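Comments concern the structure below.
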Amino acid sequence: MPTSQRDVRNRIGAVKNIQKITRAMEAVAAARLRRAEQRIEALRPYADAIRRMTRQAAEAAGAVPRLPILSEHERVSSVGLLLIAGDRGLAGAFNSNIVRAGVAAGREHEGEGHTAVYFASGQRPASSLTFRRLDVAESFTGFTDRPSYADARRIAERLMAAYVDEEVDEVEIFYNRYISPLQQIVRRETLLPLQQATLLESDEEQEQADSAEHAEHRALVEYEPDPEEILGRLVPDYVEISIYRALLESTASEHGARMTAMRNATQNANTLIDDLTLEMNRARQAEITQEILEVVAGAEGLTG
């Protein structure tokens with residue numbers, strides 16, 4: 001530990017410089033978080049509605065052999081795992097939680113005799129999987145701060161092609177669901193096949209409400225054109241909107257996690273500055289005491 005005032009003062013200056021950076025990063029993350037919250041709040045009702053409508057149309061259509069995207073594969077030999085996280089770090093455990101959940105799911109599938117095929121959205125999960133010596137079928141990077149629908153469509157097309165071409169027999173996605181700046185929950189959802197797709201909380205609540213309130217009076221739904229043709233149009237939208245929602249949820253979670261992490265870093269810097277200031281004061285007192293002792297010793301030497 002440094003004992004001189006100069007060393008401690010230099011450390012205090014370095015910590016204050018870092019504190020300025022963390023405070024600025026917190027402010028930037030807070031501003032981006034507000035915009036991300038608005039986007040995800042606007043999308044959630046639409047995403048819930050299209051998922052629910054797609055499932056209802058699939059139930060009405062029954063088996064649709066002419067649509068490969070709707071056909072369940074007879075045997076599950078490989079499972080596609082899409083890990084959605086960020087391109088950058090400094091966001092606490094935001095990225096690592098997704099990687100851990102995805103890798104654990106991959107081991108779970110391998111234990112059941114399936115092959116795990118990894119896809120990554122974000123530089124961090126892609127590099128983490130590579131570091132763990134896990135092959136990444138394809139990665140999508142460069143847009144995690146502000147994803148667009150075109151980004152979701154590009155990912156959806158790749159996953160749907162992998163499913164139709166039987167590169168994978170199931171598709172699961174992992175992302176952080178945004179609750180608040182202090183809380184993000186890792187979500188694991190089955191995206192394909194549609195018959196096994198995961199219902200979101202709001203979907204489940206709606207289904208329960210429909211069952212309780214309209215079980216006896218629910219009107220029959222007539223489809224025009226037939227459900228098969230409607231599904232041919234709906235399913236790509238369903239996959240795209242599900243991925244787009246996951247991207248927006250992940251973006252809001254990333255900004256919230258980064259804002260919280262930078263706020264904690266700023267507070268830790270304040271604590272460290274206080275400790276170093278106390279250490280500097282002690283060093284200054286020690287130097288003053290040493291100087292007084294030297295003056296006294298010199299005076300005694302002259303008088304002696």
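Each chain of the structure tokens is named A, B, ... in the order shown, its residues numbered from 1; ligands are numbered from 1 in display order.
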Using only C-alpha atoms, which protein or nucleic acid residues come within 9 Å of segment 269-281 of chain A? Drop anything in the same chain fewer than 2 positions from it, and give the result as an MDAnalysis selection string.
chainID A and resid 3:9 11:13 15:16 18:19 264:267 283:286
Selection above as a file: N, CA, C and O atoms, as an mmCIF file, in the first residue's frame:
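Final output, saved to selection_23.cif:
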data_model
loop_
_atom_site.group_PDB
_atom_site.id
_atom_site.type_symbol
_atom_site.label_atom_id
_atom_site.label_comp_id
_atom_site.auth_asym_id
_atom_site.auth_seq_id
_atom_site.Cartn_x
_atom_site.Cartn_y
_atom_site.Cartn_z
ATOM 1 N N THR A 3 2.305 4.853 0.945
ATOM 2 C CA THR A 3 2.306 5.560 2.218
ATOM 3 C C THR A 3 2.470 7.056 2.038
ATOM 4 O O THR A 3 2.098 7.817 2.916
ATOM 5 N N SER A 4 3.058 7.492 0.934
ATOM 6 C CA SER A 4 3.278 8.931 0.740
ATOM 7 C C SER A 4 2.004 9.610 0.275
ATOM 8 O O SER A 4 1.130 8.992 -0.347
ATOM 9 N N GLN A 5 1.918 10.908 0.576
ATOM 10 C CA GLN A 5 0.752 11.681 0.146
ATOM 11 C C GLN A 5 0.629 11.702 -1.370
ATOM 12 O O GLN A 5 -0.480 11.630 -1.907
ATOM 13 N N ARG A 6 1.739 11.787 -2.050
ATOM 14 C CA ARG A 6 1.696 11.869 -3.516
ATOM 15 C C ARG A 6 1.105 10.601 -4.115
ATOM 16 O O ARG A 6 0.248 10.658 -5.019
ATOM 17 N N ASP A 7 1.517 9.444 -3.617
ATOM 18 C CA ASP A 7 0.988 8.177 -4.139
ATOM 19 C C ASP A 7 -0.520 8.070 -3.906
ATOM 20 O O ASP A 7 -1.276 7.679 -4.796
ATOM 21 N N VAL A 8 -0.947 8.408 -2.691
ATOM 22 C CA VAL A 8 -2.368 8.314 -2.384
ATOM 23 C C VAL A 8 -3.153 9.327 -3.197
ATOM 24 O O VAL A 8 -4.254 9.040 -3.688
ATOM 25 N N ARG A 9 -2.609 10.550 -3.354
ATOM 26 C CA ARG A 9 -3.296 11.575 -4.146
ATOM 27 C C ARG A 9 -3.441 11.131 -5.598
ATOM 28 O O ARG A 9 -4.476 11.390 -6.236
ATOM 29 N N ARG A 11 -3.703 8.058 -6.619
ATOM 30 C CA ARG A 11 -4.752 7.018 -6.642
ATOM 31 C C ARG A 11 -6.138 7.648 -6.574
ATOM 32 O O ARG A 11 -7.067 7.223 -7.269
ATOM 33 N N ILE A 12 -6.278 8.675 -5.743
ATOM 34 C CA ILE A 12 -7.570 9.359 -5.640
ATOM 35 C C ILE A 12 -7.941 9.977 -6.980
ATOM 36 O O ILE A 12 -9.087 9.895 -7.439
ATOM 37 N N GLY A 13 -6.965 10.589 -7.649
ATOM 38 C CA GLY A 13 -7.232 11.184 -8.963
ATOM 39 C C GLY A 13 -7.644 10.142 -9.987
ATOM 40 O O GLY A 13 -8.563 10.371 -10.780
ATOM 41 N N VAL A 15 -9.108 7.218 -9.367
ATOM 42 C CA VAL A 15 -10.452 6.740 -9.041
ATOM 43 C C VAL A 15 -11.500 7.768 -9.444
ATOM 44 O O VAL A 15 -12.579 7.409 -9.950
ATOM 45 N N LYS A 16 -11.221 9.055 -9.251
ATOM 46 C CA LYS A 16 -12.179 10.091 -9.646
ATOM 47 C C LYS A 16 -12.384 10.107 -11.166
ATOM 48 O O LYS A 16 -13.510 10.325 -11.635
ATOM 49 N N ILE A 18 -12.152 7.480 -13.151
ATOM 50 C CA ILE A 18 -13.008 6.323 -13.434
ATOM 51 C C ILE A 18 -14.446 6.612 -13.028
ATOM 52 O O ILE A 18 -15.395 6.233 -13.713
ATOM 53 N N GLN A 19 -14.612 7.307 -11.910
ATOM 54 C CA GLN A 19 -15.953 7.642 -11.428
ATOM 55 C C GLN A 19 -16.698 8.522 -12.428
ATOM 56 O O GLN A 19 -17.902 8.358 -12.644
ATOM 57 N N ASN A 264 -23.651 1.193 -9.220
ATOM 58 C CA ASN A 264 -22.912 0.524 -8.148
ATOM 59 C C ASN A 264 -21.428 0.842 -8.211
ATOM 60 O O ASN A 264 -20.780 1.020 -7.167
ATOM 61 N N ALA A 265 -20.891 0.905 -9.432
ATOM 62 C CA ALA A 265 -19.475 1.241 -9.582
ATOM 63 C C ALA A 265 -19.193 2.654 -9.096
ATOM 64 O O ALA A 265 -18.161 2.911 -8.455
ATOM 65 N N THR A 266 -20.100 3.582 -9.385
ATOM 66 C CA THR A 266 -19.927 4.958 -8.927
ATOM 67 C C THR A 266 -19.964 5.031 -7.405
ATOM 68 O O THR A 266 -19.156 5.738 -6.779
ATOM 69 N N GLN A 267 -20.892 4.305 -6.793
ATOM 70 C CA GLN A 267 -20.967 4.284 -5.334
ATOM 71 C C GLN A 267 -19.725 3.647 -4.724
ATOM 72 O O GLN A 267 -19.211 4.120 -3.698
ATOM 73 N N ALA A 283 -1.332 9.711 6.299
ATOM 74 C CA ALA A 283 0.031 9.849 5.793
ATOM 75 C C ALA A 283 0.547 11.267 6.033
ATOM 76 O O ALA A 283 1.720 11.463 6.389
ATOM 77 N N ARG A 284 -0.348 12.256 5.837
ATOM 78 C CA ARG A 284 0.070 13.651 6.065
ATOM 79 C C ARG A 284 0.385 13.870 7.540
ATOM 80 O O ARG A 284 1.379 14.526 7.880
ATOM 81 N N GLN A 285 -0.439 13.326 8.433
ATOM 82 C CA GLN A 285 -0.169 13.469 9.863
ATOM 83 C C GLN A 285 1.144 12.803 10.237
ATOM 84 O O GLN A 285 1.922 13.327 11.059
ATOM 85 N N ALA A 286 1.400 11.639 9.617
ATOM 86 C CA ALA A 286 2.654 10.944 9.919
ATOM 87 C C ALA A 286 3.851 11.772 9.459
ATOM 88 O O ALA A 286 4.876 11.862 10.165
#
Pick out the residues sitting within 6 Å of segment 116-130 of chain A, and hand them over as an NGL selection string; count only C-alpha atoms, and ignore anything fewer than 6 positions along from it in its own chain.
:A and (78-87 or 99 or 106 or 136-141)
Those residues you just picked out, can you put them in a file as a compact mmCIF listing (two decimals), in the first residue's frame with C-alpha atoms?
# COMPACT_ATOMS: atom_id res chain seq x y z
CA SER A 78 -30.89 -31.95 -32.85
CA VAL A 79 -32.10 -28.83 -31.06
CA GLY A 80 -31.31 -25.27 -32.10
CA LEU A 81 -30.51 -22.94 -29.20
CA LEU A 82 -30.60 -19.18 -29.88
CA LEU A 83 -28.80 -17.18 -27.19
CA ILE A 84 -29.75 -13.48 -27.20
CA ALA A 85 -27.51 -11.11 -25.25
CA GLY A 86 -25.34 -8.04 -25.96
CA ASP A 87 -22.38 -6.92 -28.01
CA VAL A 99 -24.58 -18.12 -21.68
CA GLY A 106 -27.28 -27.80 -24.35
CA VAL A 136 -21.69 -21.63 -33.26
CA ALA A 137 -23.74 -22.36 -36.38
CA GLU A 138 -24.23 -18.63 -36.99
CA SER A 139 -23.91 -15.39 -35.03
CA PHE A 140 -25.69 -12.07 -35.49
CA THR A 141 -23.94 -8.99 -34.11
Which residues come within 7 Å of Leu90 of chain A, counting only C-alpha atoms, excluding same-chain residues fewer than 2 positions away, as an NGL selection string?
:A and (88 or 92 or 258)
Considering only C-alpha atoms, state which residue in the set A:Gln195, A:Asn176, A:Gln38, A:Asn95 is at the smallest distance from Thr54 of chain A.
A:Gln195
Members of segment 58-115 of chain A assigned strand (DSSP E) by DSSP, as an NGL selection string:
:A and (78-84 or 115)
Go ahead and write the selection's residues with all heavy atoms as a PDB file, in the first residue's frame.
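result19.pdb was written with the following content:
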ATOM      1  N   SER A  78     -31.678 -33.152 -33.103  1.00  0.00           N
ATOM      2  CA  SER A  78     -30.887 -31.948 -32.851  1.00  0.00           C
ATOM      3  C   SER A  78     -31.822 -30.809 -32.457  1.00  0.00           C
ATOM      4  O   SER A  78     -32.949 -30.715 -32.939  1.00  0.00           O
ATOM      5  CB  SER A  78     -30.074 -31.551 -34.092  1.00  0.00           C
ATOM      6  OG  SER A  78     -30.936 -31.294 -35.187  1.00  0.00           O
ATOM      7  N   VAL A  79     -31.326 -29.952 -31.581  1.00  0.00           N
ATOM      8  CA  VAL A  79     -32.104 -28.828 -31.064  1.00  0.00           C
ATOM      9  C   VAL A  79     -31.309 -27.545 -31.278  1.00  0.00           C
ATOM     10  O   VAL A  79     -30.138 -27.464 -30.889  1.00  0.00           O
ATOM     11  CB  VAL A  79     -32.433 -29.004 -29.565  1.00  0.00           C
ATOM     12  CG1 VAL A  79     -33.248 -27.823 -29.059  1.00  0.00           C
ATOM     13  CG2 VAL A  79     -33.183 -30.304 -29.332  1.00  0.00           C
ATOM     14  N   GLY A  80     -31.946 -26.561 -31.908  1.00  0.00           N
ATOM     15  CA  GLY A  80     -31.305 -25.269 -32.100  1.00  0.00           C
ATOM     16  C   GLY A  80     -31.528 -24.382 -30.887  1.00  0.00           C
ATOM     17  O   GLY A  80     -32.653 -24.228 -30.409  1.00  0.00           O
ATOM     18  N   LEU A  81     -30.445 -23.802 -30.383  1.00  0.00           N
ATOM     19  CA  LEU A  81     -30.506 -22.935 -29.204  1.00  0.00           C
ATOM     20  C   LEU A  81     -30.030 -21.545 -29.598  1.00  0.00           C
ATOM     21  O   LEU A  81     -28.859 -21.353 -29.956  1.00  0.00           O
ATOM     22  CB  LEU A  81     -29.629 -23.494 -28.077  1.00  0.00           C
ATOM     23  CG  LEU A  81     -29.913 -24.939 -27.647  1.00  0.00           C
ATOM     24  CD1 LEU A  81     -28.908 -25.387 -26.598  1.00  0.00           C
ATOM     25  CD2 LEU A  81     -31.332 -25.080 -27.115  1.00  0.00           C
ATOM     26  N   LEU A  82     -30.935 -20.572 -29.568  1.00  0.00           N
ATOM     27  CA  LEU A  82     -30.596 -19.185 -29.885  1.00  0.00           C
ATOM     28  C   LEU A  82     -30.379 -18.422 -28.586  1.00  0.00           C
ATOM     29  O   LEU A  82     -31.306 -18.261 -27.787  1.00  0.00           O
ATOM     30  CB  LEU A  82     -31.710 -18.530 -30.708  1.00  0.00           C
ATOM     31  CG  LEU A  82     -31.555 -17.020 -30.960  1.00  0.00           C
ATOM     32  CD1 LEU A  82     -30.302 -16.730 -31.783  1.00  0.00           C
ATOM     33  CD2 LEU A  82     -32.796 -16.457 -31.640  1.00  0.00           C
ATOM     34  N   LEU A  83     -29.154 -17.941 -28.378  1.00  0.00           N
ATOM     35  CA  LEU A  83     -28.804 -17.175 -27.186  1.00  0.00           C
ATOM     36  C   LEU A  83     -28.781 -15.694 -27.548  1.00  0.00           C
ATOM     37  O   LEU A  83     -28.004 -15.273 -28.414  1.00  0.00           O
ATOM     38  CB  LEU A  83     -27.432 -17.603 -26.643  1.00  0.00           C
ATOM     39  CG  LEU A  83     -27.382 -18.850 -25.748  1.00  0.00           C
ATOM     40  CD1 LEU A  83     -27.971 -20.069 -26.440  1.00  0.00           C
ATOM     41  CD2 LEU A  83     -25.954 -19.125 -25.314  1.00  0.00           C
ATOM     42  N   ILE A  84     -29.634 -14.909 -26.903  1.00  0.00           N
ATOM     43  CA  ILE A  84     -29.754 -13.480 -27.199  1.00  0.00           C
ATOM     44  C   ILE A  84     -29.191 -12.696 -26.026  1.00  0.00           C
ATOM     45  O   ILE A  84     -29.704 -12.757 -24.906  1.00  0.00           O
ATOM     46  CB  ILE A  84     -31.227 -13.087 -27.442  1.00  0.00           C
ATOM     47  CG1 ILE A  84     -31.788 -13.872 -28.627  1.00  0.00           C
ATOM     48  CG2 ILE A  84     -31.353 -11.592 -27.679  1.00  0.00           C
ATOM     49  CD1 ILE A  84     -33.261 -13.609 -28.898  1.00  0.00           C
ATOM     50  N   THR A 115     -28.387 -33.491 -30.250  1.00  0.00           N
ATOM     51  CA  THR A 115     -27.259 -32.620 -30.586  1.00  0.00           C
ATOM     52  C   THR A 115     -27.689 -31.170 -30.415  1.00  0.00           C
ATOM     53  O   THR A 115     -28.738 -30.761 -30.916  1.00  0.00           O
ATOM     54  CB  THR A 115     -26.792 -32.850 -32.031  1.00  0.00           C
ATOM     55  OG1 THR A 115     -26.409 -34.222 -32.186  1.00  0.00           O
ATOM     56  CG2 THR A 115     -25.621 -31.949 -32.371  1.00  0.00           C
TER      57      THR A 115
END
As number ranges by chain, please: all residues of segment 2-171 of chain A that backbone DSSP puts in helix (DSSP H, G or I).
A: 5-61, 68-70, 94-111, 123-131, 149-164
